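Trainee: Quick one: structure below, then a few questions.
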Amino acid sequence: MFVLVNLKTYPCDPVAVAEAVRDVNESTDARVAVAPQAAHLERVAETGAETWAQHVDPIDYGSNTGHTLAETVAEAGAVGTLINHSEQRLKLADVDGAVEAAERADLETVVCANNPAQIGAAAALGPDAVAVEPPELIGTGTPVSQADPDIVEDAVEAAQAVDADVSVLCGAGISTGDDVVAAGDLGSEGVLLASGVAKADDPTAALEDLVAPL
């Protein structure tokens, strides 16, 4: 099971969370990674935690002021990137371009989508994984696996119908180990979460709770 912690722009200590991710990753069979803000990538990667970017743009080297270049993300120590998170939506052509840019930089990719239909479209672009995240549940503490489990099962079916090699992650409202287990029972190979760890007083304890049932 893949547990990817997105720190968004929460006012947490990214290095402290990364150290917790590193330590818990070493004590479990689950794969645990963290996605900090772009400015924190290098510091986070230096902790030894598996580090992901929150976004890359569909660009190459050149005149692209204010954009995030995949190669720069990789040079900072990231091994993968989120694409098309509900808080950083892209047009389909730009999602395709961002996936190509990430692959050019040898970054693993997770493309986010709102529903099973979008998951199918995202899977057709050839990412390593897709993540289904109904935006209305993000940050609520109510997991999609509980609020509407059909969305997860249908997302898995939609991705497999397009490309069986594309993994499906479950996002939105994940905060406990039971949520992770429920996501797995519905066919998900991982979870994408944020506030449950980034806002926790004790990130290590929060992560240990997430992976304990696995």
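To be explicit about the labels: the chains of the structure tokens are called A, B, and onward in the order shown, and within each one the residues are counted from 1, while ligands get numbers from 1 in the order they are shown.
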Write out as a ChimeraX atom specification all residues of segment 84-196 of chain A that backbone DSSP assigns to strand (DSSP E or B).
Mentor: /A:108-113,129-132,167-171,190-193
Trainee: If you run DSSP on this backbone, which residues of segment 83-157 of chain A come out as helix (DSSP H, G or I), and could you give them as an mmCIF file with N, CA, C and O atoms, in the first residue's frame?
Mentor:
```cif
data_model
loop_
_atom_site.group_PDB
_atom_site.id
_atom_site.type_symbol
_atom_site.label_atom_id
_atom_site.label_comp_id
_atom_site.auth_asym_id
_atom_site.auth_seq_id
_atom_site.Cartn_x
_atom_site.Cartn_y
_atom_site.Cartn_z
ATOM 1 N N LEU A 92 -6.996 19.046 -20.125
ATOM 2 C CA LEU A 92 -6.557 17.693 -20.455
ATOM 3 C C LEU A 92 -5.249 17.698 -21.248
ATOM 4 O O LEU A 92 -4.350 16.890 -20.979
ATOM 5 N N ALA A 93 -5.128 18.606 -22.198
ATOM 6 C CA ALA A 93 -3.896 18.669 -22.989
ATOM 7 C C ALA A 93 -2.697 19.001 -22.108
ATOM 8 O O ALA A 93 -1.587 18.507 -22.331
ATOM 9 N N ASP A 94 -2.917 19.829 -21.086
ATOM 10 C CA ASP A 94 -1.824 20.188 -20.186
ATOM 11 C C ASP A 94 -1.503 19.046 -19.226
ATOM 12 O O ASP A 94 -0.342 18.880 -18.828
ATOM 13 N N VAL A 95 -2.504 18.269 -18.840
ATOM 14 C CA VAL A 95 -2.236 17.063 -18.045
ATOM 15 C C VAL A 95 -1.345 16.126 -18.849
ATOM 16 O O VAL A 95 -0.346 15.592 -18.335
ATOM 17 N N ASP A 96 -1.691 15.938 -20.102
ATOM 18 C CA ASP A 96 -0.892 15.093 -20.991
ATOM 19 C C ASP A 96 0.539 15.621 -21.083
ATOM 20 O O ASP A 96 1.517 14.862 -20.955
ATOM 21 N N GLY A 97 0.687 16.934 -21.262
ATOM 22 C CA GLY A 97 2.013 17.531 -21.359
ATOM 23 C C GLY A 97 2.796 17.414 -20.068
ATOM 24 O O GLY A 97 4.023 17.218 -20.083
ATOM 25 N N ALA A 98 2.119 17.531 -18.927
ATOM 26 C CA ALA A 98 2.793 17.413 -17.639
ATOM 27 C C ALA A 98 3.266 15.982 -17.397
ATOM 28 O O ALA A 98 4.352 15.756 -16.853
ATOM 29 N N VAL A 99 2.458 15.010 -17.797
ATOM 30 C CA VAL A 99 2.881 13.610 -17.687
ATOM 31 C C VAL A 99 4.114 13.366 -18.541
ATOM 32 O O VAL A 99 5.083 12.730 -18.100
ATOM 33 N N GLU A 100 4.115 13.894 -19.766
ATOM 34 C CA GLU A 100 5.276 13.736 -20.646
ATOM 35 C C GLU A 100 6.514 14.424 -20.063
ATOM 36 O O GLU A 100 7.624 13.887 -20.120
ATOM 37 N N ALA A 101 6.331 15.614 -19.479
ATOM 38 C CA ALA A 101 7.448 16.330 -18.870
ATOM 39 C C ALA A 101 8.019 15.534 -17.697
ATOM 40 O O ALA A 101 9.235 15.433 -17.533
ATOM 41 N N ALA A 102 7.136 14.974 -16.876
ATOM 42 C CA ALA A 102 7.582 14.183 -15.729
ATOM 43 C C ALA A 102 8.336 12.939 -16.184
ATOM 44 O O ALA A 102 9.391 12.588 -15.621
ATOM 45 N N GLU A 103 7.823 12.281 -17.205
ATOM 46 C CA GLU A 103 8.503 11.090 -17.725
ATOM 47 C C GLU A 103 9.870 11.452 -18.293
ATOM 48 O O GLU A 103 10.834 10.696 -18.140
ATOM 49 N N ARG A 104 9.962 12.620 -18.933
ATOM 50 C CA ARG A 104 11.235 13.085 -19.482
ATOM 51 C C ARG A 104 12.274 13.249 -18.370
ATOM 52 O O ARG A 104 13.468 12.995 -18.568
ATOM 53 N N PRO A 116 -14.910 8.639 -11.597
ATOM 54 C CA PRO A 116 -14.471 7.515 -12.438
ATOM 55 C C PRO A 116 -14.316 7.857 -13.914
ATOM 56 O O PRO A 116 -13.393 7.370 -14.568
ATOM 57 N N ALA A 117 -15.199 8.695 -14.462
ATOM 58 C CA ALA A 117 -15.085 9.050 -15.879
ATOM 59 C C ALA A 117 -13.775 9.783 -16.136
ATOM 60 O O ALA A 117 -13.072 9.504 -17.127
ATOM 61 N N GLN A 118 -13.432 10.711 -15.264
ATOM 62 C CA GLN A 118 -12.171 11.431 -15.409
ATOM 63 C C GLN A 118 -10.976 10.510 -15.161
ATOM 64 O O GLN A 118 -9.927 10.687 -15.771
ATOM 65 N N ILE A 119 -11.153 9.544 -14.262
ATOM 66 C CA ILE A 119 -10.083 8.571 -14.006
ATOM 67 C C ILE A 119 -9.758 7.807 -15.285
ATOM 68 O O ILE A 119 -8.591 7.580 -15.621
ATOM 69 N N GLY A 120 -10.779 7.405 -16.024
ATOM 70 C CA GLY A 120 -10.548 6.699 -17.275
ATOM 71 C C GLY A 120 -9.782 7.553 -18.268
ATOM 72 O O GLY A 120 -8.854 7.081 -18.929
ATOM 73 N N ALA A 121 -10.161 8.824 -18.363
ATOM 74 C CA ALA A 121 -9.459 9.739 -19.278
ATOM 75 C C ALA A 121 -8.017 9.939 -18.842
ATOM 76 O O ALA A 121 -7.101 9.984 -19.663
ATOM 77 N N ALA A 122 -7.805 10.055 -17.538
ATOM 78 C CA ALA A 122 -6.450 10.247 -17.015
ATOM 79 C C ALA A 122 -5.592 9.013 -17.253
ATOM 80 O O ALA A 122 -4.417 9.114 -17.625
ATOM 81 N N ALA A 123 -6.165 7.840 -17.055
ATOM 82 C CA ALA A 123 -5.415 6.591 -17.248
ATOM 83 C C ALA A 123 -4.958 6.445 -18.692
ATOM 84 O O ALA A 123 -3.899 5.868 -18.966
ATOM 85 N N PRO A 135 -13.770 16.409 -4.809
ATOM 86 C CA PRO A 135 -13.309 17.631 -4.140
ATOM 87 C C PRO A 135 -14.138 18.019 -2.932
ATOM 88 O O PRO A 135 -13.626 18.638 -1.997
ATOM 89 N N GLU A 136 -15.424 17.640 -2.921
ATOM 90 C CA GLU A 136 -16.281 18.030 -1.801
ATOM 91 C C GLU A 136 -15.901 17.318 -0.500
ATOM 92 O O GLU A 136 -16.319 17.728 0.590
ATOM 93 N N LEU A 137 -15.094 16.252 -0.602
ATOM 94 C CA LEU A 137 -14.698 15.513 0.600
ATOM 95 C C LEU A 137 -13.290 15.854 1.071
ATOM 96 O O LEU A 137 -12.887 15.447 2.168
ATOM 97 N N VAL A 144 -13.784 9.039 1.176
ATOM 98 C CA VAL A 144 -14.637 8.666 0.053
ATOM 99 C C VAL A 144 -15.029 7.199 0.150
ATOM 100 O O VAL A 144 -16.130 6.806 -0.253
ATOM 101 N N SER A 145 -14.156 6.373 0.720
ATOM 102 C CA SER A 145 -14.464 4.948 0.863
ATOM 103 C C SER A 145 -15.663 4.721 1.773
ATOM 104 O O SER A 145 -16.319 3.682 1.707
ATOM 105 N N GLN A 146 -15.964 5.696 2.616
ATOM 106 C CA GLN A 146 -17.119 5.604 3.514
ATOM 107 C C GLN A 146 -18.309 6.368 2.953
ATOM 108 O O GLN A 146 -19.444 5.888 2.994
ATOM 109 N N ALA A 147 -18.045 7.559 2.402
ATOM 110 C CA ALA A 147 -19.129 8.405 1.908
ATOM 111 C C ALA A 147 -19.764 7.846 0.642
ATOM 112 O O ALA A 147 -20.981 7.913 0.460
ATOM 113 N N PRO A 149 -18.464 4.529 -1.490
ATOM 114 C CA PRO A 149 -17.499 3.506 -1.919
ATOM 115 C C PRO A 149 -17.593 3.137 -3.389
ATOM 116 O O PRO A 149 -16.611 2.696 -3.981
ATOM 117 N N ASP A 150 -18.764 3.338 -3.999
ATOM 118 C CA ASP A 150 -18.915 3.009 -5.419
ATOM 119 C C ASP A 150 -17.957 3.825 -6.283
ATOM 120 O O ASP A 150 -17.511 3.361 -7.338
ATOM 121 N N ILE A 151 -17.649 5.046 -5.839
ATOM 122 C CA ILE A 151 -16.738 5.895 -6.616
ATOM 123 C C ILE A 151 -15.371 5.227 -6.726
ATOM 124 O O ILE A 151 -14.747 5.228 -7.791
ATOM 125 N N VAL A 152 -14.911 4.652 -5.625
ATOM 126 C CA VAL A 152 -13.597 4.006 -5.631
ATOM 127 C C VAL A 152 -13.624 2.757 -6.507
ATOM 128 O O VAL A 152 -12.746 2.567 -7.362
ATOM 129 N N GLU A 153 -14.628 1.919 -6.320
ATOM 130 C CA GLU A 153 -14.719 0.693 -7.115
ATOM 131 C C GLU A 153 -14.870 1.008 -8.602
ATOM 132 O O GLU A 153 -14.231 0.365 -9.448
ATOM 133 N N ASP A 154 -15.691 2.006 -8.912
ATOM 134 C CA ASP A 154 -15.889 2.381 -10.317
ATOM 135 C C ASP A 154 -14.623 2.995 -10.911
ATOM 136 O O ASP A 154 -14.326 2.811 -12.098
ATOM 137 N N ALA A 155 -13.863 3.718 -10.083
ATOM 138 C CA ALA A 155 -12.608 4.299 -10.556
ATOM 139 C C ALA A 155 -11.605 3.208 -10.892
ATOM 140 O O ALA A 155 -10.894 3.282 -11.901
ATOM 141 N N VAL A 156 -11.541 2.192 -10.044
ATOM 142 C CA VAL A 156 -10.646 1.056 -10.302
ATOM 143 C C VAL A 156 -11.032 0.376 -11.611
ATOM 144 O O VAL A 156 -10.179 0.070 -12.452
ATOM 145 N N GLU A 157 -12.318 0.148 -11.804
ATOM 146 C CA GLU A 157 -12.793 -0.492 -13.034
ATOM 147 C C GLU A 157 -12.487 0.371 -14.254
ATOM 148 O O GLU A 157 -12.081 -0.133 -15.306
#
```
Trainee: Just want the 12 Å neighbourhood of Pro213 of chain A, counted on only C-alpha atoms, with same-chain residues fewer than 4 positions away dropped. Output as a PDB file with N, CA and C atoms, in the first residue's frame.
Mentor:
```pdb
ATOM      1  N   MET A   1       0.845  -1.196   0.000  1.00  0.00           N
ATOM      2  CA  MET A   1       0.000   0.000   0.000  1.00  0.00           C
ATOM      3  C   MET A   1       0.879   1.244   0.000  1.00  0.00           C
ATOM      4  N   THR A  28       7.549  -0.219   8.389  1.00  0.00           N
ATOM      5  CA  THR A  28       6.330  -0.836   7.867  1.00  0.00           C
ATOM      6  C   THR A  28       6.571  -1.397   6.477  1.00  0.00           C
ATOM      7  N   ASP A  29       5.705  -2.310   6.076  1.00  0.00           N
ATOM      8  CA  ASP A  29       5.769  -2.839   4.710  1.00  0.00           C
ATOM      9  C   ASP A  29       5.130  -1.885   3.715  1.00  0.00           C
ATOM     10  N   ALA A  30       4.391  -0.885   4.219  1.00  0.00           N
ATOM     11  CA  ALA A  30       3.784   0.111   3.334  1.00  0.00           C
ATOM     12  C   ALA A  30       4.876   1.025   2.774  1.00  0.00           C
ATOM     13  N   THR A 176      -7.363   7.767   8.970  1.00  0.00           N
ATOM     14  CA  THR A 176      -7.104   6.695   9.925  1.00  0.00           C
ATOM     15  C   THR A 176      -6.667   5.425   9.209  1.00  0.00           C
ATOM     16  N   GLY A 177      -6.131   4.501   9.996  1.00  0.00           N
ATOM     17  CA  GLY A 177      -5.752   3.208   9.441  1.00  0.00           C
ATOM     18  C   GLY A 177      -6.945   2.460   8.878  1.00  0.00           C
ATOM     19  N   ASP A 178      -8.097   2.608   9.520  1.00  0.00           N
ATOM     20  CA  ASP A 178      -9.306   1.951   9.016  1.00  0.00           C
ATOM     21  C   ASP A 178      -9.672   2.478   7.631  1.00  0.00           C
ATOM     22  N   ASP A 179      -9.447   3.784   7.407  1.00  0.00           N
ATOM     23  CA  ASP A 179      -9.719   4.376   6.086  1.00  0.00           C
ATOM     24  C   ASP A 179      -8.809   3.757   5.034  1.00  0.00           C
ATOM     25  N   VAL A 180      -7.546   3.530   5.397  1.00  0.00           N
ATOM     26  CA  VAL A 180      -6.583   2.938   4.464  1.00  0.00           C
ATOM     27  C   VAL A 180      -6.983   1.514   4.118  1.00  0.00           C
ATOM     28  N   VAL A 181      -7.371   0.753   5.129  1.00  0.00           N
ATOM     29  CA  VAL A 181      -7.803  -0.628   4.905  1.00  0.00           C
ATOM     30  C   VAL A 181      -9.041  -0.660   4.019  1.00  0.00           C
ATOM     31  N   ALA A 182     -10.009   0.230   4.296  1.00  0.00           N
ATOM     32  CA  ALA A 182     -11.235   0.277   3.495  1.00  0.00           C
ATOM     33  C   ALA A 182     -10.924   0.596   2.044  1.00  0.00           C
ATOM     34  N   GLY A 184      -8.182  -0.100   0.461  1.00  0.00           N
ATOM     35  CA  GLY A 184      -7.597  -1.308  -0.116  1.00  0.00           C
ATOM     36  C   GLY A 184      -8.642  -2.360  -0.430  1.00  0.00           C
ATOM     37  N   LEU A 207       0.966   8.930  11.349  1.00  0.00           N
ATOM     38  CA  LEU A 207       1.404   7.999  10.314  1.00  0.00           C
ATOM     39  C   LEU A 207       1.400   6.560  10.823  1.00  0.00           C
ATOM     40  N   GLU A 208       1.826   6.366  12.053  1.00  0.00           N
ATOM     41  CA  GLU A 208       1.816   5.008  12.630  1.00  0.00           C
ATOM     42  C   GLU A 208       0.408   4.456  12.698  1.00  0.00           C
ATOM     43  N   ASP A 209      -0.564   5.320  13.011  1.00  0.00           N
ATOM     44  CA  ASP A 209      -1.962   4.887  13.033  1.00  0.00           C
ATOM     45  C   ASP A 209      -2.435   4.502  11.636  1.00  0.00           C
TER      46      ASP A 209
END
```
Trainee: Hey, which of A:Ala183, A:Leu192, A:Ala39, A:Leu69 ends up closest to Leu82 of chain A? Count only C-alpha atoms.
Mentor: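 The answer is A:Leu192, which sits nearest to Leu82 of chain A.
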Trainee: Could you state the separation of atom CA of Glu50 of chain A and atom CA of Ala33 of chain A in Å, given to one decimal place?
Mentor: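 Answer for the atom CA of Glu50 of chain A to atom CA of Ala33 of chain A separation: 4.7 Å.
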Trainee: Name the residues in contact with Val130 of chain A at a cut-off of 6 Å, using only C-alpha atoms, excluding same-chain residues fewer than 4 positions from it; report them as a ChimeraX atom specification.
Mentor: /A:110-112,168
Trainee: Take the selection from the previous step and output its residues with N, CA and C atoms, as a compact mmCIF listing (two decimals), in the first residue's frame.
Mentor:
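The resulting part-v2.txt:
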```
# COMPACT_ATOMS: atom_id res chain seq x y z
N VAL A 110 1.37 10.60 -10.50
CA VAL A 110 0.01 10.31 -10.04
C VAL A 110 -0.88 11.44 -10.54
N VAL A 111 -1.81 11.12 -11.41
CA VAL A 111 -2.75 12.11 -11.94
C VAL A 111 -4.04 12.03 -11.14
N CYS A 112 -4.45 13.16 -10.59
CA CYS A 112 -5.67 13.21 -9.78
C CYS A 112 -6.89 13.50 -10.66
N VAL A 168 -4.46 2.65 -8.97
CA VAL A 168 -5.47 3.59 -8.52
C VAL A 168 -5.26 3.88 -7.04
```
Trainee: Just how far from atom CA of Thr204 of chain A is atom CA of Ser27 of chain A, in Å to one decimal?
Mentor: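 If I compute the distance from atom CA of Ser27 of chain A to atom CA of Thr204 of chain A, I get 11.4 Å.
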Trainee: List the spatial neighbours of segment 3-20 of chain A as a PyMOL selection string - criterion: any atom at most 8 Å away, only C-alpha atoms, same-chain residues fewer than 2 positions off excluded.
Mentor: chain A and resi 1+22-24+30-37+40+43-44+47-49+54+190-195+197-199+203-204+207
Trainee: Next, dump the selected residues to file, keeping only N, CA, C and O atoms, as a tab-separated table (two decimals), in the first residue's frame.
Mentor:
```tsv
chain	number	residue	atom	x	y	z
A	1	MET	N	0.84	-1.20	0.00
A	1	MET	CA	0.00	0.00	0.00
A	1	MET	C	0.88	1.24	0.00
A	1	MET	O	1.84	1.34	0.77
A	22	ARG	N	9.99	9.27	6.86
A	22	ARG	CA	11.16	8.39	6.71
A	22	ARG	C	11.17	7.30	7.77
A	22	ARG	O	11.34	6.11	7.46
A	23	ASP	N	10.95	7.66	9.02
A	23	ASP	CA	11.04	6.70	10.11
A	23	ASP	C	9.93	5.66	10.04
A	23	ASP	O	10.16	4.47	10.25
A	24	VAL	N	8.72	6.12	9.75
A	24	VAL	CA	7.59	5.17	9.67
A	24	VAL	C	7.75	4.28	8.45
A	24	VAL	O	7.45	3.08	8.51
A	30	ALA	N	4.39	-0.88	4.22
A	30	ALA	CA	3.78	0.11	3.33
A	30	ALA	C	4.88	1.03	2.77
A	30	ALA	O	5.96	1.15	3.34
A	31	ARG	N	4.58	1.65	1.66
A	31	ARG	CA	5.46	2.66	1.07
A	31	ARG	C	4.91	4.03	1.44
A	31	ARG	O	3.77	4.35	1.11
A	32	VAL	N	5.72	4.81	2.14
A	32	VAL	CA	5.25	6.10	2.65
A	32	VAL	C	6.10	7.22	2.05
A	32	VAL	O	7.33	7.15	2.08
A	33	ALA	N	5.45	8.24	1.50
A	33	ALA	CA	6.16	9.34	0.85
A	33	ALA	C	5.49	10.66	1.21
A	33	ALA	O	4.38	10.70	1.73
A	34	VAL	N	6.19	11.76	0.91
A	34	VAL	CA	5.69	13.09	1.27
A	34	VAL	C	5.87	14.05	0.10
A	34	VAL	O	6.86	13.98	-0.63
A	35	ALA	N	4.89	14.95	-0.07
A	35	ALA	CA	4.93	15.95	-1.14
A	35	ALA	C	4.89	17.34	-0.52
A	35	ALA	O	3.81	17.85	-0.20
A	36	PRO	N	6.04	17.99	-0.35
A	36	PRO	CA	6.09	19.34	0.22
A	36	PRO	C	5.91	20.40	-0.87
A	36	PRO	O	5.82	20.08	-2.06
A	37	GLN	N	5.91	21.66	-0.45
A	37	GLN	CA	5.93	22.75	-1.41
A	37	GLN	C	7.24	22.72	-2.19
A	37	GLN	O	8.26	22.22	-1.71
A	40	HIS	N	10.52	23.66	-0.66
A	40	HIS	CA	11.03	22.80	0.42
A	40	HIS	C	11.54	21.46	-0.09
A	40	HIS	O	11.98	20.62	0.71
A	43	ARG	N	15.27	20.39	0.93
A	43	ARG	CA	15.40	20.15	2.37
A	43	ARG	C	14.72	18.86	2.78
A	43	ARG	O	15.24	18.10	3.60
A	44	VAL	N	13.56	18.62	2.23
A	44	VAL	CA	12.81	17.40	2.56
A	44	VAL	C	13.53	16.16	2.03
A	44	VAL	O	13.67	15.16	2.73
A	47	THR	N	16.34	14.59	4.06
A	47	THR	CA	16.03	13.78	5.24
A	47	THR	C	16.09	12.29	4.94
A	47	THR	O	16.16	11.47	5.85
A	48	GLY	N	16.03	11.94	3.66
A	48	GLY	CA	15.98	10.54	3.28
A	48	GLY	C	14.57	10.03	3.05
A	48	GLY	O	14.37	8.87	2.67
A	49	ALA	N	13.57	10.89	3.29
A	49	ALA	CA	12.18	10.50	3.01
A	49	ALA	C	11.95	10.47	1.50
A	49	ALA	O	12.54	11.26	0.76
A	54	GLN	N	4.39	18.51	-5.67
A	54	GLN	CA	2.94	18.67	-5.71
A	54	GLN	C	2.42	18.96	-7.11
A	54	GLN	O	1.22	18.82	-7.38
A	190	GLY	N	-3.35	2.39	-2.93
A	190	GLY	CA	-2.72	3.40	-2.10
A	190	GLY	C	-3.70	4.50	-1.76
A	190	GLY	O	-4.85	4.51	-2.20
A	191	VAL	N	-3.22	5.44	-0.93
A	191	VAL	CA	-4.06	6.56	-0.52
A	191	VAL	C	-3.27	7.85	-0.64
A	191	VAL	O	-2.04	7.88	-0.50
A	192	LEU	N	-3.98	8.92	-0.91
A	192	LEU	CA	-3.43	10.26	-0.97
A	192	LEU	C	-4.13	11.08	0.10
A	192	LEU	O	-5.37	11.15	0.11
A	193	LEU	N	-3.37	11.65	1.03
A	193	LEU	CA	-3.97	12.39	2.12
A	193	LEU	C	-3.14	13.61	2.44
A	193	LEU	O	-2.01	13.75	1.99
A	194	ALA	N	-3.71	14.50	3.26
A	194	ALA	CA	-3.00	15.74	3.58
A	194	ALA	C	-3.19	16.11	5.05
A	194	ALA	O	-2.32	15.88	5.88
A	195	SER	N	-4.35	16.67	5.39
A	195	SER	CA	-4.54	17.28	6.70
A	195	SER	C	-4.39	16.29	7.85
A	195	SER	O	-3.97	16.67	8.94
A	197	VAL	N	-2.21	14.22	8.43
A	197	VAL	CA	-0.81	14.19	8.89
A	197	VAL	C	-0.26	15.60	9.02
A	197	VAL	O	0.36	15.95	10.02
A	198	ALA	N	-0.47	16.43	8.00
A	198	ALA	CA	0.12	17.77	7.98
A	198	ALA	C	-0.37	18.63	9.13
A	198	ALA	O	0.36	19.50	9.63
A	199	LYS	N	-1.60	18.42	9.58
A	199	LYS	CA	-2.16	19.21	10.68
A	199	LYS	C	-2.06	18.51	12.03
A	199	LYS	O	-2.49	19.06	13.04
A	203	PRO	N	2.98	14.09	13.91
A	203	PRO	CA	2.91	13.43	12.60
A	203	PRO	C	3.33	11.96	12.65
A	203	PRO	O	2.76	11.14	11.93
A	204	THR	N	4.29	11.63	13.48
A	204	THR	CA	4.73	10.23	13.58
A	204	THR	C	3.60	9.36	14.07
A	204	THR	O	3.33	8.29	13.51
A	207	LEU	N	0.97	8.93	11.35
A	207	LEU	CA	1.40	8.00	10.31
A	207	LEU	C	1.40	6.56	10.82
A	207	LEU	O	1.00	5.63	10.10
```
Trainee: By how many Å are atom CA of Glu71 of chain A and atom CA of Ser86 of chain A apart?
Mentor: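 Taking atom CA of Glu71 of chain A and atom CA of Ser86 of chain A, their separation equals 23.2 Å.
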Trainee: Compile the contact shell of Glu133 of chain A as a VMD selection string: residues with an atom at most 7 Å away, counting only C-alpha atoms, same-chain residues fewer than 2 positions apart removed.
Mentor: chain A and resid 112 to 114 131 135 170 to 172
Trainee: How about saving the chosen residues, C-alpha atoms kept, as a compact mmCIF listing (two decimals), in the first residue's frame?
Mentor:
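Result written to again-v4.txt:
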```
# COMPACT_ATOMS: atom_id res chain seq x y z
CA CYS A 112 -5.67 13.21 -9.78
CA ALA A 113 -9.28 13.23 -10.97
CA ASN A 114 -12.72 13.91 -9.49
CA ALA A 131 -6.01 9.15 -7.69
CA PRO A 135 -13.31 17.63 -4.14
CA CYS A 170 -7.94 6.80 -3.11
CA GLY A 171 -7.94 10.35 -1.79
CA ALA A 172 -10.16 12.82 0.08
```
Trainee: Give me the residues within 9 Å of Glu42 of chain A as a PyMOL selection string, counting only C-alpha atoms and dropping any in the same chain fewer than 2 places off.
Mentor: chain A and resi 38-40+44-46+51+73+75-78
Trainee: Put those residues in a file: all heavy atoms, as a tab-separated table (two decimals), in the first residue's frame.
Mentor:
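The resulting file, selection-v2.tsv, is reproduced below:
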```
chain	number	residue	atom	x	y	z
A	38	ALA	N	7.22	23.29	-3.38
A	38	ALA	CA	8.39	23.25	-4.26
A	38	ALA	C	9.64	23.83	-3.59
A	38	ALA	O	10.74	23.31	-3.76
A	38	ALA	CB	8.09	23.98	-5.56
A	39	ALA	N	9.45	24.89	-2.83
A	39	ALA	CA	10.60	25.54	-2.20
A	39	ALA	C	11.25	24.68	-1.12
A	39	ALA	O	12.38	24.93	-0.72
A	39	ALA	CB	10.18	26.88	-1.60
A	40	HIS	N	10.52	23.66	-0.66
A	40	HIS	CA	11.03	22.80	0.42
A	40	HIS	C	11.54	21.46	-0.09
A	40	HIS	O	11.98	20.62	0.71
A	40	HIS	CB	9.93	22.56	1.45
A	40	HIS	CG	9.43	23.80	2.12
A	40	HIS	ND1	8.16	23.91	2.63
A	40	HIS	CD2	10.03	25.00	2.35
A	40	HIS	CE1	7.99	25.11	3.17
A	40	HIS	NE2	9.11	25.79	3.00
A	44	VAL	N	13.56	18.62	2.23
A	44	VAL	CA	12.81	17.40	2.56
A	44	VAL	C	13.53	16.16	2.03
A	44	VAL	O	13.67	15.16	2.73
A	44	VAL	CB	11.37	17.50	2.01
A	44	VAL	CG1	10.70	16.13	2.02
A	44	VAL	CG2	10.57	18.49	2.84
A	45	ALA	N	14.00	16.22	0.80
A	45	ALA	CA	14.70	15.08	0.21
A	45	ALA	C	15.96	14.73	1.00
A	45	ALA	O	16.33	13.55	1.11
A	45	ALA	CB	15.05	15.37	-1.25
A	46	GLU	N	16.61	15.73	1.57
A	46	GLU	CA	17.84	15.49	2.34
A	46	GLU	C	17.59	14.68	3.61
A	46	GLU	O	18.53	14.12	4.17
A	46	GLU	CB	18.50	16.82	2.69
A	46	GLU	CG	19.17	17.50	1.49
A	46	GLU	CD	19.69	18.88	1.81
A	46	GLU	OE1	19.36	19.41	2.91
A	46	GLU	OE2	20.42	19.46	0.97
A	51	THR	N	10.44	11.64	-1.57
A	51	THR	CA	9.94	13.00	-1.78
A	51	THR	C	9.28	13.14	-3.14
A	51	THR	O	9.84	12.74	-4.16
A	51	THR	CB	11.10	14.01	-1.65
A	51	THR	OG1	11.71	13.84	-0.36
A	51	THR	CG2	10.60	15.43	-1.79
A	73	VAL	N	12.64	19.86	-10.42
A	73	VAL	CA	12.05	19.07	-9.34
A	73	VAL	C	12.88	17.82	-9.09
A	73	VAL	O	13.18	17.46	-7.94
A	73	VAL	CB	10.59	18.71	-9.71
A	73	VAL	CG1	10.06	17.58	-8.86
A	73	VAL	CG2	9.69	19.94	-9.60
A	75	GLU	N	16.05	17.35	-9.87
A	75	GLU	CA	17.35	17.75	-9.36
A	75	GLU	C	17.30	18.08	-7.86
A	75	GLU	O	18.28	17.91	-7.15
A	75	GLU	CB	17.89	18.95	-10.14
A	75	GLU	CG	18.31	18.62	-11.56
A	75	GLU	CD	18.56	19.86	-12.41
A	75	GLU	OE1	18.49	20.98	-11.84
A	75	GLU	OE2	18.81	19.71	-13.62
A	76	ALA	N	16.14	18.54	-7.40
A	76	ALA	CA	15.97	18.87	-5.98
A	76	ALA	C	15.79	17.62	-5.12
A	76	ALA	O	15.80	17.71	-3.89
A	76	ALA	CB	14.77	19.80	-5.80
A	77	GLY	N	15.60	16.47	-5.76
A	77	GLY	CA	15.51	15.22	-5.01
A	77	GLY	C	14.18	14.51	-5.08
A	77	GLY	O	14.01	13.45	-4.47
A	78	ALA	N	13.22	15.07	-5.81
A	78	ALA	CA	11.93	14.41	-5.93
A	78	ALA	C	12.03	13.20	-6.85
A	78	ALA	O	12.80	13.19	-7.81
A	78	ALA	CB	10.88	15.38	-6.47
```
